[in-house]
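Visitor: Data file entry09.cif (mmCIF, C-alpha atoms) is appended below.
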data_query
#
loop_
_atom_site.label_atom_id
_atom_site.label_comp_id
_atom_site.auth_asym_id
_atom_site.auth_seq_id
_atom_site.Cartn_x
_atom_site.Cartn_y
_atom_site.Cartn_z
CA MET I 20 -2.10 10.20 66.30
CA ASN I 21 1.50 11.38 65.88
CA LYS I 22 2.61 14.09 63.45
CA SER I 23 3.91 11.62 60.85
CA ALA I 24 0.65 9.67 60.78
CA THR I 25 -1.35 12.91 60.44
CA GLN I 26 0.79 13.95 57.46
CA ASP I 27 0.20 10.54 55.86
CA LYS I 28 -3.56 11.06 56.06
CA ALA I 29 -3.44 14.58 54.58
CA ILE I 30 -5.27 14.84 51.27
CA LEU I 31 -2.73 15.56 48.55
CA LYS I 32 -5.15 16.26 45.72
CA THR I 33 -8.33 15.00 44.10
CA VAL I 34 -7.95 12.60 41.23
CA LYS I 35 -10.57 11.68 38.65
CA PHE I 36 -11.10 7.92 38.32
CA GLU I 37 -12.62 6.79 35.04
CA ILE I 38 -13.76 3.20 35.49
CA LEU I 39 -15.16 0.89 32.90
CA ARG I 40 -18.49 -0.47 34.06
CA TYR I 41 -20.10 -3.49 32.47
CA ASN I 42 -22.54 -6.14 33.52
CA PRO I 43 -22.96 -8.81 30.83
CA ALA I 44 -26.30 -9.75 32.37
CA GLY I 45 -27.59 -6.18 32.01
CA LYS I 46 -28.65 -4.17 28.99
CA GLU I 47 -26.01 -1.45 29.16
CA SER I 48 -22.96 -1.73 26.96
CA PRO I 49 -19.51 -1.17 28.50
CA HIS I 50 -19.08 2.48 29.44
CA LEU I 51 -16.80 4.70 31.54
CA GLU I 52 -18.07 6.22 34.78
CA ASN I 53 -16.29 9.08 36.55
CA TYR I 54 -15.53 9.37 40.25
CA SER I 55 -13.58 12.04 42.15
CA VAL I 56 -11.27 10.53 44.73
CA PRO I 57 -9.26 12.48 47.35
CA ILE I 58 -5.87 10.79 47.53
CA THR I 59 -3.47 10.56 50.40
CA LYS I 60 0.18 9.62 50.62
CA GLY I 61 0.84 6.00 49.71
CA MET I 62 -2.69 5.42 48.41
CA THR I 63 -2.78 2.71 45.76
CA VAL I 64 -5.22 2.34 42.88
CA LEU I 65 -6.81 -0.51 44.86
CA ASP I 66 -7.24 1.85 47.83
CA GLY I 67 -8.88 4.31 45.44
CA LEU I 68 -11.33 1.68 44.25
CA THR I 69 -12.10 0.70 47.84
CA TRP I 70 -12.73 4.37 48.67
CA ILE I 71 -15.15 4.63 45.75
CA LYS I 72 -16.99 1.49 46.86
CA GLU I 73 -17.26 2.73 50.43
CA HIS I 74 -18.22 6.33 49.68
CA LEU I 75 -19.63 6.65 46.16
CA ASP I 76 -20.80 3.45 44.50
CA SER I 77 -21.22 0.17 46.34
CA SER I 78 -22.02 -1.69 43.11
CA LEU I 79 -18.49 -1.39 41.73
CA SER I 80 -16.94 -4.86 41.32
CA TRP I 81 -13.35 -6.02 41.18
CA ARG I 82 -11.26 -8.94 42.42
CA SER I 83 -8.54 -8.52 45.07
CA SER I 84 -7.16 -10.28 48.08
CA CYS I 85 -3.70 -9.82 49.59
CA ARG I 86 -3.15 -6.06 48.91
CA MET I 87 0.61 -6.62 48.67
CA GLY I 88 1.40 -7.92 45.17
CA ILE I 89 1.51 -11.57 46.11
CA CYS I 90 -1.82 -13.16 45.19
CA GLY I 91 -2.11 -11.69 41.69
CA SER I 92 -5.87 -11.14 41.97
CA CYS I 93 -6.15 -7.42 41.23
CA GLY I 94 -4.75 -7.25 37.71
CA MET I 95 -6.35 -4.35 35.82
CA PHE I 96 -5.69 -2.16 32.81
CA ILE I 97 -4.60 1.06 34.50
CA ASN I 98 -3.73 4.14 32.45
CA GLY I 99 -2.97 2.03 29.39
CA LEU I 100 -0.92 -0.76 30.96
CA PRO I 101 -1.83 -4.05 32.66
CA ARG I 102 -0.83 -3.61 36.32
CA LEU I 103 -1.70 -4.85 39.78
CA ALA I 104 -3.98 -2.27 41.41
CA CYS I 105 -2.43 -2.94 44.82
CA ASN I 106 1.10 -2.51 43.53
CA ASN I 107 0.72 0.96 42.02
CA GLN I 108 0.44 4.14 44.03
CA ILE I 109 -1.77 6.77 42.46
CA VAL I 110 0.88 9.51 42.78
CA HIS I 111 3.32 7.33 40.88
CA LEU I 112 1.00 7.38 37.85
CA HIS I 113 1.83 11.11 37.55
CA SER I 114 -1.64 11.98 36.35
CA ASP I 115 -4.79 13.57 37.72
CA ARG I 116 -6.78 11.09 35.69
CA VAL I 117 -6.76 7.36 36.44
CA VAL I 118 -8.46 5.23 33.79
CA VAL I 119 -9.19 1.73 35.07
CA LYS I 120 -10.48 -1.03 32.79
CA PRO I 121 -10.56 -4.82 33.08
CA LEU I 122 -7.58 -6.73 31.68
CA PRO I 123 -7.64 -7.01 27.88
CA ASN I 124 -7.67 -10.43 26.17
CA TYR I 125 -10.12 -11.87 28.71
CA ASP I 126 -13.90 -12.00 28.85
CA ILE I 127 -15.45 -9.70 31.44
CA ILE I 128 -17.42 -11.23 34.29
CA ARG I 129 -18.41 -7.83 35.64
CA ASP I 130 -16.85 -4.34 35.76
CA LEU I 131 -13.15 -4.92 36.50
CA VAL I 132 -13.39 -8.68 37.02
CA PRO I 133 -11.82 -10.64 34.14
CA ASP I 134 -12.62 -14.28 33.47
CA LEU I 135 -9.25 -16.01 33.98
CA GLU I 136 -10.53 -19.44 32.93
CA SER I 137 -8.54 -19.35 29.67
CA LEU I 138 -5.35 -18.49 31.60
CA PHE I 139 -5.72 -21.40 33.98
CA ASN I 140 -6.73 -23.85 31.23
CA LYS I 141 -3.60 -22.98 29.27
CA HIS I 142 -1.53 -23.15 32.45
CA ARG I 143 -2.84 -26.66 33.18
CA SER I 144 -2.11 -27.79 29.62
CA VAL I 145 1.68 -27.57 30.15
CA LYS I 146 1.51 -29.84 33.23
CA PRO I 147 3.04 -27.33 35.64
CA TYR I 148 4.43 -29.80 38.14
CA LEU I 149 7.44 -32.10 38.46
CA ILE I 150 7.08 -35.27 36.40
CA ARG I 151 9.37 -38.18 37.21
CA GLN I 152 9.87 -41.57 35.65
CA ASP I 153 10.27 -43.04 39.13
CA ALA I 154 6.67 -42.44 40.14
CA SER I 155 7.14 -44.45 43.33
CA GLU I 156 9.68 -41.87 44.56
CA GLN I 157 7.09 -39.14 44.07
CA ASP I 158 4.37 -41.10 45.81
CA LYS I 159 6.54 -42.22 48.71
CA PRO I 160 9.62 -40.00 48.77
CA THR I 161 12.69 -41.37 50.48
CA GLY I 162 14.69 -38.14 50.30
CA GLU I 163 15.31 -34.91 48.42
CA PHE I 164 16.25 -34.61 44.76
CA PHE I 165 19.71 -33.13 44.40
CA GLN I 166 19.90 -29.71 42.78
CA SER I 167 22.91 -27.39 42.74
CA GLU I 168 22.60 -23.65 43.30
CA GLN I 169 23.35 -22.95 39.64
CA GLU I 170 20.67 -25.40 38.53
CA LEU I 171 18.22 -23.58 40.76
CA LEU I 172 19.24 -20.20 39.36
CA ASN I 173 18.55 -21.45 35.83
CA TYR I 174 14.80 -21.46 36.45
CA ILE I 175 14.09 -19.70 39.73
CA GLN I 176 12.97 -16.40 38.19
CA PHE I 177 10.31 -18.26 36.19
CA ALA I 178 9.04 -19.84 39.39
CA TYR I 179 8.12 -16.39 40.74
CA CYS I 180 5.02 -16.26 38.51
CA ILE I 181 1.87 -15.51 40.54
CA LYS I 182 -0.58 -16.25 37.68
CA CYS I 183 -1.94 -12.71 37.70
CA GLY I 184 -2.41 -12.87 33.93
CA LEU I 185 -0.90 -9.44 33.17
CA CYS I 186 1.50 -10.94 30.61
CA MET I 187 -1.39 -12.53 28.71
CA ALA I 188 -3.23 -9.19 28.76
CA ALA I 189 -0.19 -7.40 27.33
CA CYS I 190 0.64 -9.99 24.64
CA PRO I 191 -0.22 -8.83 21.10
CA THR I 192 -0.41 -12.43 19.84
CA VAL I 193 -2.89 -13.47 22.53
CA ALA I 194 -4.98 -10.48 21.40
CA THR I 195 -5.52 -12.03 17.96
CA SER I 196 -5.13 -15.75 18.60
CA GLU I 197 -7.28 -17.52 21.16
CA GLU I 198 -5.38 -20.74 20.51
CA TYR I 199 -1.93 -19.29 21.27
CA ALA I 200 -0.63 -20.83 24.50
CA GLY I 201 0.59 -17.41 25.66
CA PRO I 202 3.55 -16.19 27.71
CA GLN I 203 2.29 -17.42 31.09
CA SER I 204 1.80 -21.07 30.20
CA LEU I 205 4.87 -21.24 27.96
CA THR I 206 6.97 -19.81 30.79
CA ALA I 207 5.47 -22.28 33.24
CA GLY I 208 6.26 -25.11 30.83
CA TRP I 209 9.84 -23.94 30.40
CA ARG I 210 10.21 -23.48 34.17
CA TYR I 211 9.61 -27.22 34.67
CA ILE I 212 11.53 -28.38 31.59
CA SER I 213 14.59 -26.48 32.83
CA ASP I 214 14.24 -27.87 36.34
CA THR I 215 16.85 -30.61 36.73
CA ARG I 216 14.51 -32.64 38.93
CA ASP I 217 11.98 -32.94 36.11
CA GLU I 218 11.71 -35.65 33.44
CA GLY I 219 8.50 -34.53 31.76
CA ALA I 220 9.81 -32.51 28.80
CA SER I 221 8.37 -34.95 26.27
CA GLU I 222 4.92 -34.62 27.83
CA ARG I 223 4.98 -30.82 27.49
CA GLN I 224 6.37 -30.48 23.99
CA ASP I 225 2.99 -31.11 22.38
CA VAL I 226 1.90 -27.75 23.79
CA LEU I 227 5.18 -25.81 23.83
CA TYR I 228 6.25 -26.74 20.31
CA SER I 229 2.84 -26.97 18.68
CA SER I 230 1.68 -24.67 15.89
CA HIS I 231 0.27 -22.41 18.65
CA GLY I 232 3.26 -22.63 20.95
CA VAL I 233 6.57 -20.80 21.24
CA TYR I 234 6.92 -20.21 17.49
CA ARG I 235 3.99 -17.81 17.42
CA CYS I 236 5.80 -15.42 19.80
CA HIS I 237 6.77 -12.19 18.00
CA PHE I 238 9.17 -11.25 20.77
CA ALA I 239 7.40 -7.95 21.42
CA GLY I 240 8.53 -8.28 25.03
CA ALA I 241 5.36 -6.67 26.44
CA CYS I 242 4.90 -9.66 28.77
CA SER I 243 8.27 -9.08 30.41
CA GLN I 244 7.65 -5.35 30.65
CA VAL I 245 4.43 -5.68 32.64
CA CYS I 246 5.26 -8.61 34.92
CA PRO I 247 4.96 -7.34 38.52
CA LYS I 248 7.30 -10.06 39.83
CA GLY I 249 10.20 -9.44 37.47
CA VAL I 250 9.68 -12.67 35.53
CA ASP I 251 10.91 -12.51 31.93
CA PRO I 252 8.48 -14.68 29.92
CA ALA I 253 9.98 -13.49 26.61
CA LEU I 254 13.32 -14.91 27.74
CA ALA I 255 11.72 -18.23 28.71
CA ILE I 256 10.13 -18.51 25.27
CA GLN I 257 13.42 -17.76 23.50
CA MET I 258 15.20 -20.31 25.71
CA ALA I 259 12.56 -22.91 24.84
CA LYS I 260 13.14 -22.17 21.14
CA ARG I 261 16.89 -22.49 21.55
CA ASP I 262 16.47 -25.76 23.42
CA ALA I 263 14.33 -27.18 20.61
CA PHE I 264 16.91 -26.01 18.07
CA MET I 265 19.80 -27.60 19.96
CA LYS I 266 17.95 -30.87 20.44
CA GLY I 267 16.73 -30.84 16.83
CA PHE I 268 20.28 -30.61 15.50
CA GLY I 269 21.75 -32.94 18.08
CA PHE I 270 23.81 -30.29 19.86
CA GLY I 271 24.45 -30.46 23.58
CA LYS I 272 24.18 -33.35 25.94
CA ALA I 273 20.89 -34.83 27.03
CA ARG I 274 20.21 -33.85 30.63
CA LYS I 275 19.98 -36.58 33.22
CA ALA I 276 17.38 -35.96 35.88
CA SER I 277 18.74 -35.38 39.33
CA SER I 278 18.75 -38.34 41.65
CA VAL I 279 17.64 -38.71 45.23
CA MET I 280 20.29 -37.41 47.60
CA SER I 281 21.83 -39.67 50.13
CA PRO I 282 20.84 -38.62 53.60
CA VAL I 283 23.39 -36.32 55.23
CA GLN I 284 25.26 -38.21 57.93
CA ASP I 285 26.91 -37.01 61.11
CA TRP I 286 25.74 -33.43 61.12
CA THR I 287 25.45 -31.22 64.13
CA PRO I 288 22.75 -28.54 64.25
CA ARG I 289 23.77 -24.97 65.09
CA GLY I 290 22.50 -23.89 68.44
CA ASP I 291 21.08 -20.57 67.22
CA ILE I 292 18.79 -22.11 64.63
CA PRO I 293 15.34 -23.32 65.73
CA ASN I 294 14.42 -26.95 65.26
CA ALA I 295 13.13 -27.93 61.83
CA PRO I 296 9.43 -28.73 61.50
CA GLU I 297 8.33 -32.33 61.51
CA LYS I 298 9.38 -34.20 58.36
CA THR I 299 6.81 -34.70 55.63
CA ALA I 300 8.98 -36.74 53.23
CA GLY I 301 9.34 -40.01 55.07
CA ASN I 302 12.14 -41.11 57.30
CA THR I 303 15.46 -40.47 55.54
CA GLY I 304 17.45 -41.97 58.34
CA SER I 305 19.06 -38.66 59.19
CA LYS I 306 19.95 -37.77 62.72
CA SER I 307 16.94 -36.86 64.84
CA GLU I 308 16.54 -33.33 66.18
CA PRO I 309 18.04 -32.64 69.58
CA MET Z 12 8.28 -31.96 16.33
CA ARG Z 13 6.99 -30.86 12.95
CA GLU Z 14 6.50 -27.22 13.94
CA SER Z 15 10.06 -27.06 15.31
CA ARG Z 16 11.47 -28.36 12.02
CA LEU Z 17 9.43 -25.85 10.02
CA TRP Z 18 10.65 -23.05 12.25
CA PHE Z 19 14.30 -24.13 11.94
CA TRP Z 20 13.99 -24.02 8.16
CA HIS Z 21 12.27 -20.65 8.43
CA ILE Z 22 15.26 -19.24 10.32
CA LEU Z 23 17.85 -20.98 8.13
CA SER Z 24 16.11 -19.79 4.97
CA ALA Z 25 16.27 -16.24 6.35
CA VAL Z 26 20.06 -16.54 6.66
CA VAL Z 27 20.39 -17.97 3.13
CA ILE Z 28 18.13 -15.22 1.76
CA LEU Z 29 20.31 -12.58 3.40
CA VAL Z 30 23.38 -13.94 1.60
CA LEU Z 31 21.61 -14.41 -1.74
CA LEU Z 32 19.94 -11.01 -1.59
CA GLY Z 33 23.36 -9.54 -0.87
CA LEU Z 34 24.59 -11.13 -4.10
CA HIS Z 35 21.54 -9.82 -5.93
CA MET Z 36 22.02 -6.28 -4.61
CA GLY Z 37 25.69 -6.41 -5.50
CA THR Z 38 25.03 -7.66 -9.02
CA MET Z 39 22.06 -5.45 -9.86
CA HIS Z 40 22.61 -2.24 -7.95
CA LEU Z 41 26.31 -1.97 -7.26
CA SER Z 42 27.48 -2.87 -10.76
CA GLU Z 43 29.46 0.35 -11.22
CA LEU Z 44 31.29 -0.27 -7.98
CA LEU Z 45 32.03 -3.84 -9.09
CA HIS Z 46 33.26 -2.58 -12.48
CA MET Z 47 35.75 -0.35 -10.65
CA ILE Z 48 37.33 -3.40 -9.06
CA GLY Z 49 37.26 -5.35 -12.32
CA ILE Z 50 34.20 -7.56 -11.78
CA GLY Z 51 31.57 -7.75 -14.56
CA SER Z 52 30.90 -5.34 -17.37
CA GLY Z 53 27.94 -3.61 -19.00
CA ASP Z 54 24.50 -2.77 -17.68
CA PRO Z 55 23.25 -5.73 -15.57
CA VAL Z 56 19.61 -5.22 -16.59
CA GLN Z 57 20.28 -5.41 -20.36
CA SER Z 58 18.72 -8.53 -21.84
CA GLU Z 59 21.99 -9.98 -23.13
CA GLN Z 60 23.50 -9.55 -19.65
CA VAL Z 61 20.48 -11.24 -18.09
CA PHE Z 62 20.73 -14.17 -20.52
CA HIS Z 63 24.47 -14.33 -20.04
CA ARG Z 64 24.03 -14.78 -16.31
CA SER Z 65 21.21 -17.26 -16.76
CA GLN Z 66 23.43 -19.49 -18.86
CA GLN Z 67 25.98 -19.87 -16.08
CA ALA Z 68 25.47 -22.87 -13.81
CA VAL Z 69 26.33 -20.93 -10.66
CA TYR Z 70 23.62 -18.34 -11.35
CA MET Z 71 21.08 -21.05 -12.14
CA ILE Z 72 21.82 -22.66 -8.78
CA ILE Z 73 21.56 -19.29 -7.04
CA TYR Z 74 18.22 -18.56 -8.72
CA ILE Z 75 16.76 -21.92 -7.74
CA LEU Z 76 18.09 -21.61 -4.19
CA LEU Z 77 16.72 -18.08 -3.82
CA LEU Z 78 13.39 -19.19 -5.24
CA GLY Z 79 13.14 -22.14 -2.83
CA THR Z 80 14.21 -20.28 0.29
CA GLY Z 81 12.18 -17.18 -0.58
CA LEU Z 82 9.04 -19.22 -1.22
CA PHE Z 83 9.42 -21.26 1.95
CA HIS Z 84 10.21 -18.24 4.12
CA GLY Z 85 7.38 -16.16 2.71
CA LEU Z 86 4.74 -18.87 2.72
CA TYR Z 87 5.62 -20.02 6.25
CA GLY Z 88 5.32 -16.40 7.37
CA LEU Z 89 1.93 -16.15 5.65
CA ARG Z 90 0.84 -19.38 7.35
CA SER Z 91 1.90 -17.94 10.73
CA ILE Z 92 -0.25 -14.87 10.11
CA PHE Z 93 -3.27 -17.07 9.31
CA PHE Z 94 -2.61 -19.16 12.42
CA GLU Z 95 -2.92 -16.06 14.59
CA LEU Z 96 -6.44 -15.31 13.43
CA SER Z 97 -8.23 -17.84 15.68
CA LEU Z 98 -9.35 -19.99 12.77
CA SER Z 99 -10.72 -23.50 13.18
CA ARG Z 100 -8.24 -26.42 13.09
CA THR Z 101 -9.80 -27.66 9.85
CA LEU Z 102 -9.34 -24.30 8.16
CA GLU Z 103 -5.77 -24.09 9.47
CA LYS Z 104 -4.98 -27.49 7.95
CA LEU Z 105 -6.61 -26.47 4.69
CA ILE Z 106 -4.60 -23.24 4.53
CA GLY Z 107 -1.40 -25.14 5.33
CA GLY Z 108 -2.14 -27.62 2.55
CA VAL Z 109 -3.02 -24.95 -0.02
CA LEU Z 110 0.13 -22.97 0.76
CA ALA Z 111 2.29 -26.11 0.55
CA VAL Z 112 0.82 -27.07 -2.84
CA ALA Z 113 1.13 -23.49 -4.11
CA GLY Z 114 4.75 -23.32 -2.91
CA ILE Z 115 5.70 -26.60 -4.56
CA ALA Z 116 3.95 -25.65 -7.82
CA LEU Z 117 5.68 -22.25 -7.95
CA PHE Z 118 9.04 -23.84 -7.12
CA VAL Z 119 8.69 -26.46 -9.86
CA TYR Z 120 7.64 -23.84 -12.39
CA GLY Z 121 10.43 -21.42 -11.40
CA THR Z 122 13.01 -24.20 -11.48
CA TYR Z 123 11.77 -25.25 -14.92
CA VAL Z 124 12.24 -21.68 -16.20
CA ALA Z 125 15.71 -21.38 -14.65
CA VAL Z 126 16.83 -24.70 -16.18
CA LEU Z 127 15.28 -23.77 -19.53
CA LEU Z 128 17.15 -20.45 -19.57
CA PHE Z 129 20.35 -22.24 -18.64
CA GLN Z 130 19.94 -24.58 -21.61
CA THR Z 131 18.93 -21.84 -24.05
CA SER Z 132 21.70 -20.37 -26.16
CA GLY Z 133 20.13 -16.90 -26.25
CA VAL Z 134 17.43 -15.00 -28.10
#
What does this structure look like when you write it as structure tokens?
Guide:
Amino acid sequence: MNKSATQDKAILKTVKFEILRYNPAGKESPHLENYSVPITKGMTVLDGLTWIKEHLDSSLSWRSSCRMGICGSCGMFINGLPRLACNNQIVHLHSDRVVVKPLPNYDIIRDLVPDLESLFNKHRSVKPYLIRQDASEQDKPTGEFFQSEQELLNYIQFAYCIKCGLCMAACPTVATSEEYAGPQSLTAGWRYISDTRDEGASERQDVLYSSHGVYRCHFAGACSQVCPKGVDPALAIQMAKRDAFMKGFGFGKARKASSVMSPVQDWTPRGDIPNAPEKTAGNTGSKSEP
Amino acid sequence: MRESRLWFWHILSAVVILVLLGLHMGTMHLSELLHMIGIGSGDPVQSEQVFHRSQQAVYMIIYILLLGTGLFHGLYGLRSIFFELSLSRTLEKLIGGVLAVAGIALFVYGTYVAVLLFQTSGV
């Protein structure tokens, strides 16, 4: 082991983890249990939990997968904020005490495992996929739908959502209203409405503009503050409100859905770029790979 | 969408209330300042001043407008609070109906009083 690696493994200090333990099937009510964890450089809260499970208490339960802030599985309430356990180093919490609880606004399955069923049900309700009037083009695509760079930029940040549910845990309206669609699903709905390839706005407005849709947002902005991917759900909700206002008063032009692009003719591939993978969207008649 | 329309009116009523409350604050609480620039005279809360204003058509319209916008804005806000309490759909509809009826009744009564004062020649 080289010197740098040895330094990385050096114990910096011991931190007290206070973890909420709860098994709905058991008799005990939710309670905090304490664990002392020696931390090393770069150690995340998820690493701390893994250390506890390996060395102190094998019954501790949580949900995690990728360990790199992509899958969105390890959302937890850490030192008073909803965060991804894998995305937060213990030293960056600037505390010798790490309090870990399951995400608020969800039922608890066990210990730190929230029941995300409500999140996914609400997500499904906004039909988070492209809806086209020309269904045949979706079933048997003949090409790609045209979209300019600016049109992509209009919604791309909302497409970064990983469905971790932190925004729903932070939202003060979700805390009191089970019916409220919530920042995640409203953002997902707006992401597709603002996509120029989509024609399904009318199918989503029953959810987005219902009495439990965008108008119940208080614009606290907590959702945007906690999002680990930099998505701004509060912005999406305000944009959805503005869109409804503009349409309601007849301002602005109705958007025409993007059409299928004509196949690019007479192109020559650059020599330093590897061949494209085999086509999945039918034969567009473009030049075959060399 | 019905909820969108209600929300638009909620926002528009807020703007109207801002203007009308500005007039109210100016008339009732900045009267001395207004006197200095030659607008109005006397104490605005004296009964003859109150009746004098009530007998002017422009004030009657302002009162009715403020009453309507204030009632709508306030009752829609109250409805929003109830809707965030995870109530059943039936109860939500009932609350919406009760608030709508209460709002209309209060508006009709307030309008009746404003029109009556406008038509009265004083006490």
Visitor: Taking only residues of chain Z that have an atom at most 9 Å from an atom of chain I, what is each one's shortest atom pair and its distance in Å to one decimal, using only C-alpha atoms, in chain and number order, as a tab-separated table?
Guide:
residue	atom	partner	partner_atom	distance
Z:Met12	CA	I:Tyr228	CA	6.9
Z:Arg13	CA	I:Ser229	CA	8.1
Z:Glu14	CA	I:Ser230	CA	5.8
Z:Ser15	CA	I:Tyr228	CA	6.3
Z:Arg16	CA	I:Gly267	CA	7.5
Z:Trp18	CA	I:Tyr234	CA	7.0
Z:Phe19	CA	I:Phe264	CA	6.9
Z:Ser91	CA	I:Arg235	CA	7.0
Z:Ile92	CA	I:Arg235	CA	8.9
Z:Phe94	CA	I:Ser196	CA	7.5
Z:Glu95	CA	I:Ser196	CA	4.6
Z:Leu96	CA	I:Ser196	CA	5.4
Z:Ser97	CA	I:Ser196	CA	4.7
Z:Leu98	CA	I:Ser196	CA	8.4
Visitor: On this structure, which residues satisfy the PyMOL selection byres ((chain Z and resi 48-63) around 9), written as a VMD selection string?
Guide: chain Z and resid 38 to 40 42 to 47 64 to 67 128 to 129 131 to 134
Visitor: Expand the PyMOL selection byres ((chain I and resi 205) around 10) into the individual residues it matches in the shown file, reporting them as a VMD selection string.
Guide: chain I and resid 141 to 142 144 to 145 147 199 to 204 206 to 210 223 226 to 228 232 to 233 252 to 253 255 to 256 259
Visitor: For a quick check of understanding, using all atoms listed in the file, which of Z:Leu41, Z:Leu32, Z:Ala116, Z:Leu102 has the smallest distance to Leu76 in chain Z?
Guide: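 The answer is Z:Leu32, which sits nearest to Leu76 in chain Z.
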Visitor: For Gly108 in chain Z, which residue out of Z:Leu86, Z:Met36, Z:Ile28, Z:Val126 is the nearest one, using all atoms listed in the file?
Guide: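 Among Z:Leu86, Z:Met36, Z:Ile28, Z:Val126, it is Z:Leu86 that comes nearest to Gly108 in chain Z.
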Visitor: Within 12 Å of (-5.3, -8.7, 47.4) in the file's own coordinates, which protein, DNA or RNA residues have an atom, counting only C-alpha atoms? List them as a count of residues only.
Guide: 24
Visitor: Please report the interatomic distance between CA of Asp115 in chain I and CA of Thr33 in chain I in Å with one decimal.
Guide: 7.4 Å
